[in-house]
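Asker: Quick one, structure.cif (mmCIF, C-alpha atoms):
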data_entry
loop_
_atom_site.label_atom_id
_atom_site.label_comp_id
_atom_site.auth_asym_id
_atom_site.auth_seq_id
_atom_site.Cartn_x
_atom_site.Cartn_y
_atom_site.Cartn_z
CA MET A 1 -17.20 40.46 -125.86
CA ASN A 2 -18.74 42.89 -123.38
CA HIS A 3 -18.32 41.96 -119.71
CA ALA A 4 -20.39 43.39 -116.86
CA TRP A 5 -18.07 43.98 -113.93
CA GLY A 6 -18.96 44.99 -110.40
CA LEU A 7 -22.50 44.90 -109.03
CA THR A 8 -24.92 43.43 -111.58
CA GLU A 9 -28.43 41.98 -111.53
CA HIS A 10 -26.81 38.58 -111.04
CA GLY A 11 -24.65 39.67 -108.10
CA PHE A 12 -21.09 40.96 -107.86
CA LYS A 13 -18.52 40.00 -110.49
CA ALA A 14 -14.90 40.87 -109.78
CA LYS A 15 -12.59 41.76 -112.67
CA ASP A 16 -9.90 39.11 -113.19
CA LEU A 17 -6.17 39.81 -113.53
CA THR A 18 -6.01 39.10 -117.28
CA SER A 19 -8.82 41.54 -118.06
CA ILE A 20 -7.24 44.24 -115.92
CA LYS A 21 -3.85 43.81 -117.59
CA ASN A 22 -5.32 43.78 -121.10
CA GLU A 23 -7.34 46.94 -120.45
CA LEU A 24 -4.31 48.71 -118.99
CA GLU A 25 -2.07 47.78 -121.92
CA SER A 26 -4.73 48.81 -124.44
CA THR A 27 -5.19 52.20 -122.76
CA LEU A 28 -1.43 52.87 -122.63
CA GLN A 29 -1.00 52.01 -126.30
CA LYS A 30 -3.90 54.28 -127.15
CA GLU A 31 -2.95 57.24 -124.97
CA VAL A 32 0.86 57.00 -124.80
CA ASP A 33 2.46 55.05 -127.64
CA PRO A 34 0.89 52.46 -129.95
CA THR A 35 4.26 50.72 -130.26
CA LEU A 36 4.74 50.06 -126.56
CA ASN A 37 6.10 46.58 -125.87
CA PHE A 38 4.70 44.84 -122.78
CA GLY A 39 6.75 41.69 -123.09
CA TYR A 40 8.42 39.90 -120.20
CA GLY A 41 11.43 41.87 -118.94
CA THR A 42 10.40 45.22 -120.40
CA VAL A 43 9.83 48.25 -118.19
CA ALA A 44 6.29 48.73 -119.51
CA GLY A 45 5.53 45.05 -119.00
CA GLN A 46 6.77 45.08 -115.39
CA LEU A 47 4.89 48.27 -114.53
CA THR A 48 1.58 47.03 -115.94
CA ALA A 49 2.00 43.74 -114.12
CA ILE A 50 2.54 45.52 -110.78
CA VAL A 51 -0.40 47.90 -111.26
CA SER A 52 -2.66 45.08 -112.51
CA ASN A 53 -1.92 42.97 -109.43
CA GLN A 54 -2.71 45.88 -107.10
CA ALA A 55 -5.97 46.59 -108.94
CA ARG A 56 -6.93 42.91 -108.73
CA GLN A 57 -6.58 43.03 -104.93
CA VAL A 58 -8.99 45.98 -104.81
CA TRP A 59 -11.54 44.04 -106.85
CA GLU A 60 -11.14 41.01 -104.57
CA ALA A 61 -11.66 43.19 -101.48
CA ALA A 62 -14.86 44.58 -102.99
CA HIS A 63 -15.98 41.04 -103.81
CA ASP A 64 -15.39 39.90 -100.21
CA LEU A 65 -17.20 42.96 -98.86
CA TYR A 66 -20.24 42.24 -101.03
CA HIS A 67 -20.49 38.65 -99.83
CA SER A 68 -19.88 39.63 -96.20
CA LEU A 69 -23.16 41.55 -96.29
CA ARG A 70 -25.17 38.47 -97.25
CA PRO A 71 -26.10 36.00 -94.47
CA ASP A 72 -25.93 33.00 -96.83
CA THR A 73 -22.33 33.74 -97.88
CA ALA A 74 -20.82 35.73 -94.99
CA SER A 75 -18.57 33.87 -92.58
CA GLY A 76 -16.55 34.39 -89.42
CA ALA A 77 -16.51 37.90 -87.98
CA ALA A 78 -18.51 39.27 -90.93
CA LEU A 79 -21.35 36.84 -90.19
CA ASP A 80 -21.19 37.72 -86.48
CA SER A 81 -21.61 41.40 -87.28
CA LEU A 82 -24.44 40.75 -89.72
CA CYS A 83 -26.38 38.55 -87.28
CA SER A 84 -25.91 41.05 -84.46
CA LEU A 85 -28.02 43.57 -86.41
CA THR A 86 -31.10 41.46 -85.63
CA GLY A 87 -30.02 40.41 -82.14
CA THR A 88 -28.56 36.98 -82.88
CA TYR A 89 -25.12 36.28 -81.43
CA ARG A 90 -22.87 33.29 -81.97
CA LEU A 91 -22.95 30.74 -79.15
CA LEU A 92 -19.48 30.33 -77.70
CA ALA A 93 -18.00 27.05 -76.52
CA LYS A 94 -18.60 26.10 -72.90
CA GLN A 95 -17.56 23.32 -70.55
CA THR A 96 -19.77 20.69 -68.97
CA LEU A 97 -20.54 21.20 -65.27
CA ILE A 98 -21.45 18.19 -63.12
CA ASN A 99 -22.41 17.51 -59.52
CA VAL A 100 -20.29 14.86 -57.78
CA ARG A 101 -20.79 13.14 -54.43
CA LEU A 102 -17.49 12.82 -52.55
CA THR A 103 -17.06 10.19 -49.84
CA LEU A 104 -14.69 11.53 -47.18
CA ASN A 105 -13.33 9.94 -44.04
CA PRO A 106 -13.15 12.01 -40.82
CA ASN A 107 -10.86 15.05 -40.92
CA THR A 108 -10.33 14.87 -44.69
CA THR A 109 -9.90 17.85 -47.00
CA VAL A 110 -9.96 17.75 -50.79
CA ALA A 111 -8.37 20.87 -52.26
CA LYS A 112 -9.79 22.92 -55.08
CA ASP A 113 -8.71 21.85 -58.60
CA CYS A 114 -8.28 18.18 -57.69
CA ARG A 115 -9.27 16.13 -60.72
CA ILE A 116 -11.32 13.06 -61.54
CA ARG A 117 -11.77 11.04 -64.73
CA THR A 118 -15.15 9.71 -65.85
CA LEU A 119 -15.82 6.32 -67.43
CA SER A 120 -15.70 7.98 -70.85
CA GLY A 121 -12.16 9.20 -70.15
CA HIS A 122 -12.88 12.90 -69.67
CA PHE A 123 -11.25 14.94 -66.90
CA PHE A 124 -13.07 17.24 -64.48
CA ARG A 125 -11.67 19.54 -61.77
CA LEU A 126 -13.12 20.48 -58.39
CA LEU A 127 -14.36 24.08 -58.21
CA LYS A 128 -14.59 24.43 -54.42
CA GLU A 129 -12.71 22.78 -51.57
CA ALA A 130 -14.51 19.88 -49.84
CA LYS A 131 -13.83 19.31 -46.13
CA ASN A 132 -15.11 16.77 -43.60
CA GLU A 133 -14.41 18.09 -40.11
CA GLY A 134 -16.58 15.52 -38.37
CA ASN A 135 -15.76 12.19 -36.74
CA THR A 136 -17.72 10.00 -39.16
CA VAL A 137 -17.58 9.19 -42.85
CA THR A 138 -19.48 11.89 -44.73
CA GLU A 139 -20.71 12.39 -48.30
CA ILE A 140 -20.34 15.92 -49.64
CA GLU A 141 -21.62 17.20 -52.99
CA ARG A 142 -19.42 19.48 -55.05
CA GLU A 143 -19.38 20.85 -58.60
CA PHE A 144 -16.72 19.73 -61.08
CA LEU A 145 -15.93 21.48 -64.39
CA ALA A 146 -14.72 19.63 -67.49
CA ASP A 147 -11.21 20.36 -68.77
CA ASP A 148 -12.41 20.30 -72.37
CA TYR A 149 -15.14 22.22 -74.16
CA GLY A 150 -18.03 20.48 -75.85
CA PRO A 151 -20.93 18.11 -75.07
CA ILE A 152 -19.25 15.69 -72.66
CA MET A 153 -21.31 12.82 -71.26
CA ALA A 154 -21.03 12.08 -67.54
CA HIS A 155 -23.21 9.10 -66.63
CA THR A 156 -25.26 9.42 -63.46
CA ASP A 157 -24.49 7.08 -60.54
CA THR A 158 -21.15 6.00 -61.97
CA THR A 159 -17.90 6.10 -60.01
CA ALA A 160 -15.15 8.35 -61.37
CA GLU A 161 -11.44 7.67 -61.04
CA ILE A 162 -9.64 9.93 -58.57
CA LYS A 163 -6.60 11.38 -60.37
CA ASN A 164 -5.25 13.39 -57.40
CA PRO A 165 -5.28 10.88 -54.53
CA VAL A 166 -6.01 12.36 -51.11
CA VAL A 167 -5.79 10.32 -47.90
CA GLY A 168 -9.34 9.87 -46.69
CA TRP A 169 -11.01 10.58 -50.06
CA THR A 170 -12.39 7.16 -50.92
CA ALA A 171 -14.91 7.70 -53.74
CA ALA A 172 -16.30 10.18 -56.27
CA THR A 173 -19.77 9.35 -57.60
CA ILE A 174 -21.35 11.38 -60.36
CA LYS A 175 -24.79 12.58 -59.30
CA GLU A 176 -26.02 14.70 -62.24
CA THR A 177 -25.07 16.99 -65.10
CA ILE A 178 -25.82 20.60 -64.21
CA VAL A 179 -24.81 22.28 -67.48
CA SER A 180 -24.17 20.47 -70.75
CA GLY A 181 -21.15 21.77 -72.60
CA ARG A 182 -21.05 22.68 -76.27
CA LEU A 183 -18.62 23.53 -79.06
CA LYS A 184 -18.45 26.97 -80.61
CA GLU A 185 -21.37 27.49 -82.98
CA THR A 186 -20.42 27.01 -86.62
CA ASP A 187 -21.31 29.44 -89.41
CA ASP A 188 -24.00 27.10 -90.75
CA GLU A 189 -25.54 26.66 -87.30
CA LEU A 190 -25.53 30.41 -86.72
CA ARG A 191 -27.25 31.07 -90.07
CA ILE A 192 -30.02 28.59 -89.25
CA ARG A 193 -30.54 29.97 -85.74
CA ARG A 194 -30.73 33.52 -87.10
CA ILE A 195 -33.60 32.50 -89.39
CA VAL A 196 -35.39 30.72 -86.54
CA GLU A 197 -35.01 33.68 -84.18
CA LEU A 198 -36.33 36.11 -86.80
CA LYS A 199 -39.56 34.11 -86.77
CA ALA A 200 -39.89 34.78 -83.03
CA LYS A 201 -40.43 38.50 -83.40
CA GLY A 202 -43.81 39.71 -82.18
CA SER A 203 -46.11 36.73 -82.76
CA SER A 204 -47.55 33.67 -81.02
CA SER A 205 -47.32 31.21 -83.87
CA PHE A 206 -45.87 27.71 -83.54
CA ASP A 207 -42.53 28.85 -84.99
CA ALA A 208 -42.42 31.94 -82.77
CA ILE A 209 -43.06 30.04 -79.53
CA LEU A 210 -40.54 27.36 -80.53
CA ALA A 211 -37.89 29.95 -81.38
CA ARG A 212 -38.36 31.94 -78.17
CA LEU A 213 -38.19 28.83 -75.98
CA MET A 214 -35.00 27.71 -77.71
CA ARG A 215 -33.45 31.03 -76.69
CA VAL A 216 -34.00 30.34 -72.98
CA ALA A 217 -30.72 29.66 -71.18
CA ASN A 218 -29.67 25.97 -71.09
CA VAL A 219 -32.67 24.75 -73.11
CA GLU A 220 -31.50 21.90 -75.36
CA ALA A 221 -34.68 20.75 -77.13
CA VAL A 222 -38.34 21.77 -77.45
CA HIS A 223 -41.42 19.87 -78.65
CA ILE A 224 -44.86 21.52 -78.91
CA LYS A 225 -48.10 19.49 -78.97
CA GLU A 226 -51.04 21.45 -80.40
CA ASP A 227 -54.76 20.96 -79.79
CA ILE A 228 -57.83 22.95 -80.79
CA ARG A 229 -57.79 25.37 -77.82
CA SER A 230 -54.64 24.38 -75.99
CA PHE A 231 -50.99 23.52 -76.42
CA GLU A 232 -48.44 21.58 -74.37
CA VAL A 233 -44.70 22.10 -74.39
CA ILE A 234 -42.13 19.40 -73.63
CA ILE A 235 -38.68 20.85 -72.94
CA LYS A 236 -35.27 19.43 -72.16
CA GLY A 237 -33.10 21.66 -69.99
CA GLY A 238 -33.61 25.22 -68.77
CA ALA A 239 -35.01 26.60 -65.51
CA ASP A 240 -38.76 26.21 -64.87
CA GLU A 241 -39.16 29.90 -63.96
CA ASP A 242 -37.46 31.10 -67.17
CA ILE A 243 -39.54 28.75 -69.30
CA ALA A 244 -42.80 29.73 -67.60
CA ARG A 245 -42.06 33.44 -68.03
CA THR A 246 -41.31 32.97 -71.73
CA LEU A 247 -44.51 30.97 -72.29
CA TRP A 248 -46.57 33.60 -70.47
CA GLU A 249 -45.14 36.37 -72.65
CA CYS A 250 -45.71 34.65 -76.00
CA ARG A 251 -48.75 32.37 -75.51
CA PRO A 252 -51.81 33.13 -77.68
CA ILE A 253 -54.64 35.01 -75.94
CA GLY A 254 -57.45 32.70 -74.81
CA ILE A 255 -55.42 29.52 -75.39
CA GLU A 256 -54.89 27.20 -72.43
CA THR A 257 -51.42 25.90 -71.59
CA LEU A 258 -51.03 22.28 -70.52
CA GLY A 259 -48.23 20.42 -68.76
CA GLN A 260 -47.14 18.72 -65.56
CA ILE A 261 -45.10 21.64 -64.22
CA ALA A 262 -46.85 24.72 -62.78
CA CYS A 263 -45.23 28.07 -61.94
CA THR A 264 -46.65 31.25 -60.48
#
Using structure tokens, write down the structure that the file contains.

Answerer:
Amino acid sequence: MNHAWGLTEHGFKAKDLTSIKNELESTLQKEVDPTLNFGYGTVAGQLTAIVSNQARQVWEAAHDLYHSLRPDTASGAALDSLCSLTGTYRLLAKQTLINVRLTLNPNTTVAKDCRIRTLSGHFFRLLKEAKNEGNTVTEIEREFLADDYGPIMAHTDTTAEIKNPVVGWTAATIKETIVSGRLKETDDELRIRRIVELKAKGSSSFDAILARLMRVANVEAVHIKEDIRSFEVIIKGGADEDIARTLWECRPIGIETLGQIACT
């Protein structure tokens, strides 16, 4: 039976160990000695086994290289390199950043890195020292960073537990989430985002506008409402100025933009 090895019209087919060993033994019997014995324990048998195993590793390396050049089969670093050719880079994990209102008695100082625990059981640490040098109880807002990576929920207007007690620090109330954390982007997520971003190149179609807005920093979700001569965008996250600039750059000529937020 004839086998097509290597790159074929159906893809890449690596030669298996048995085929390599059989071909090697057949060639040696033809070119060296037709009576060669390749049985277990013989010198010829051991040599062909060693060479066959080394050749199999070369075939496997070629097989991996072939699949690393295809976005639907590449993974890990190979997928990162492939996506970078078109300007798509894997999103790394980041921590959630929240704003917390600290209630401090007079002459109270809360040192950097003091920690709190939210109702959901997640820990956050203070990024900048908070100090009340006055003579009255004062509320001071400070940023806290999550210990763990990923999308951690911190409910607004809830009271967090103070894990590093400080005399005069009486309460820590969560005000808002500044940056939502995320886990490192998976291979499947990266493949999908690469396809979406490729649609954003040089056009003002629905898919292009959606893809470009999703690339704006800290944007979590986008919904576009279309009309005959206008469109409205509803966005979760991101800075108004960055969103407005992106819309201005990719909006269709002569089409009105609608929404409740205006930027110059």

Asker: When you look at Thr159 of chain A with a cut-off of 10 Å (counting all atoms listed in the file), what residues show up, excluding the ones that are within fewer than 3 positions of it in the same chain? I need them as a PyMOL selection string.

Answerer: chain A and resi 100-101+116-119+155-156+162+171-175

Asker: Run through the PyMOL selection byres ((chain A and resi 194) around 12) on the given coordinates and return the selected residues as JSON, numbers by chain.

Answerer: {"A": [71, 72, 79, 80, 82, 83, 84, 85, 86, 87, 88, 89, 90, 91, 185, 187, 188, 189, 190, 191, 192, 193, 195, 196, 197, 198, 199, 200, 201, 211, 212, 214, 215]}

Asker: Can I get the selection written as a PDB file, keeping the file's coordinate frame, with C-alpha atoms?

Answerer:
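Everything below was put into result.pdb:
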ATOM      1  CA  PRO A  71     -26.100  36.000 -94.470  1.00  0.00           C
ATOM      2  CA  ASP A  72     -25.930  33.000 -96.830  1.00  0.00           C
ATOM      3  CA  LEU A  79     -21.350  36.840 -90.190  1.00  0.00           C
ATOM      4  CA  ASP A  80     -21.190  37.720 -86.480  1.00  0.00           C
ATOM      5  CA  LEU A  82     -24.440  40.750 -89.720  1.00  0.00           C
ATOM      6  CA  CYS A  83     -26.380  38.550 -87.280  1.00  0.00           C
ATOM      7  CA  SER A  84     -25.910  41.050 -84.460  1.00  0.00           C
ATOM      8  CA  LEU A  85     -28.020  43.570 -86.410  1.00  0.00           C
ATOM      9  CA  THR A  86     -31.100  41.460 -85.630  1.00  0.00           C
ATOM     10  CA  GLY A  87     -30.020  40.410 -82.140  1.00  0.00           C
ATOM     11  CA  THR A  88     -28.560  36.980 -82.880  1.00  0.00           C
ATOM     12  CA  TYR A  89     -25.120  36.280 -81.430  1.00  0.00           C
ATOM     13  CA  ARG A  90     -22.870  33.290 -81.970  1.00  0.00           C
ATOM     14  CA  LEU A  91     -22.950  30.740 -79.150  1.00  0.00           C
ATOM     15  CA  GLU A 185     -21.370  27.490 -82.980  1.00  0.00           C
ATOM     16  CA  ASP A 187     -21.310  29.440 -89.410  1.00  0.00           C
ATOM     17  CA  ASP A 188     -24.000  27.100 -90.750  1.00  0.00           C
ATOM     18  CA  GLU A 189     -25.540  26.660 -87.300  1.00  0.00           C
ATOM     19  CA  LEU A 190     -25.530  30.410 -86.720  1.00  0.00           C
ATOM     20  CA  ARG A 191     -27.250  31.070 -90.070  1.00  0.00           C
ATOM     21  CA  ILE A 192     -30.020  28.590 -89.250  1.00  0.00           C
ATOM     22  CA  ARG A 193     -30.540  29.970 -85.740  1.00  0.00           C
ATOM     23  CA  ILE A 195     -33.600  32.500 -89.390  1.00  0.00           C
ATOM     24  CA  VAL A 196     -35.390  30.720 -86.540  1.00  0.00           C
ATOM     25  CA  GLU A 197     -35.010  33.680 -84.180  1.00  0.00           C
ATOM     26  CA  LEU A 198     -36.330  36.110 -86.800  1.00  0.00           C
ATOM     27  CA  LYS A 199     -39.560  34.110 -86.770  1.00  0.00           C
ATOM     28  CA  ALA A 200     -39.890  34.780 -83.030  1.00  0.00           C
ATOM     29  CA  LYS A 201     -40.430  38.500 -83.400  1.00  0.00           C
ATOM     30  CA  ALA A 211     -37.890  29.950 -81.380  1.00  0.00           C
ATOM     31  CA  ARG A 212     -38.360  31.940 -78.170  1.00  0.00           C
ATOM     32  CA  MET A 214     -35.000  27.710 -77.710  1.00  0.00           C
ATOM     33  CA  ARG A 215     -33.450  31.030 -76.690  1.00  0.00           C
TER      34      ARG A 215
END

Asker: For the file shown, report as an MDAnalysis selection string the outcome of the PyMOL selection byres ((chain A and resi 229) around 10) at residue level.

Answerer: chainID A and resid 226:228 230:231 252 254:257

Asker: Do you have the atom CA of Lys128 of chain A-atom CA of Lys112 of chain A distance handy?

Answerer: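 We find that atom CA of Lys128 of chain A and atom CA of Lys112 of chain A lie 5.1 Å from each other.
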
Asker: Can you spell out as a ChimeraX atom specification the set of residues that the PyMOL selection byres ((chain A and resi 222) around 6) selects in the structure I just provided?

Answerer: /A:221,223,234-235
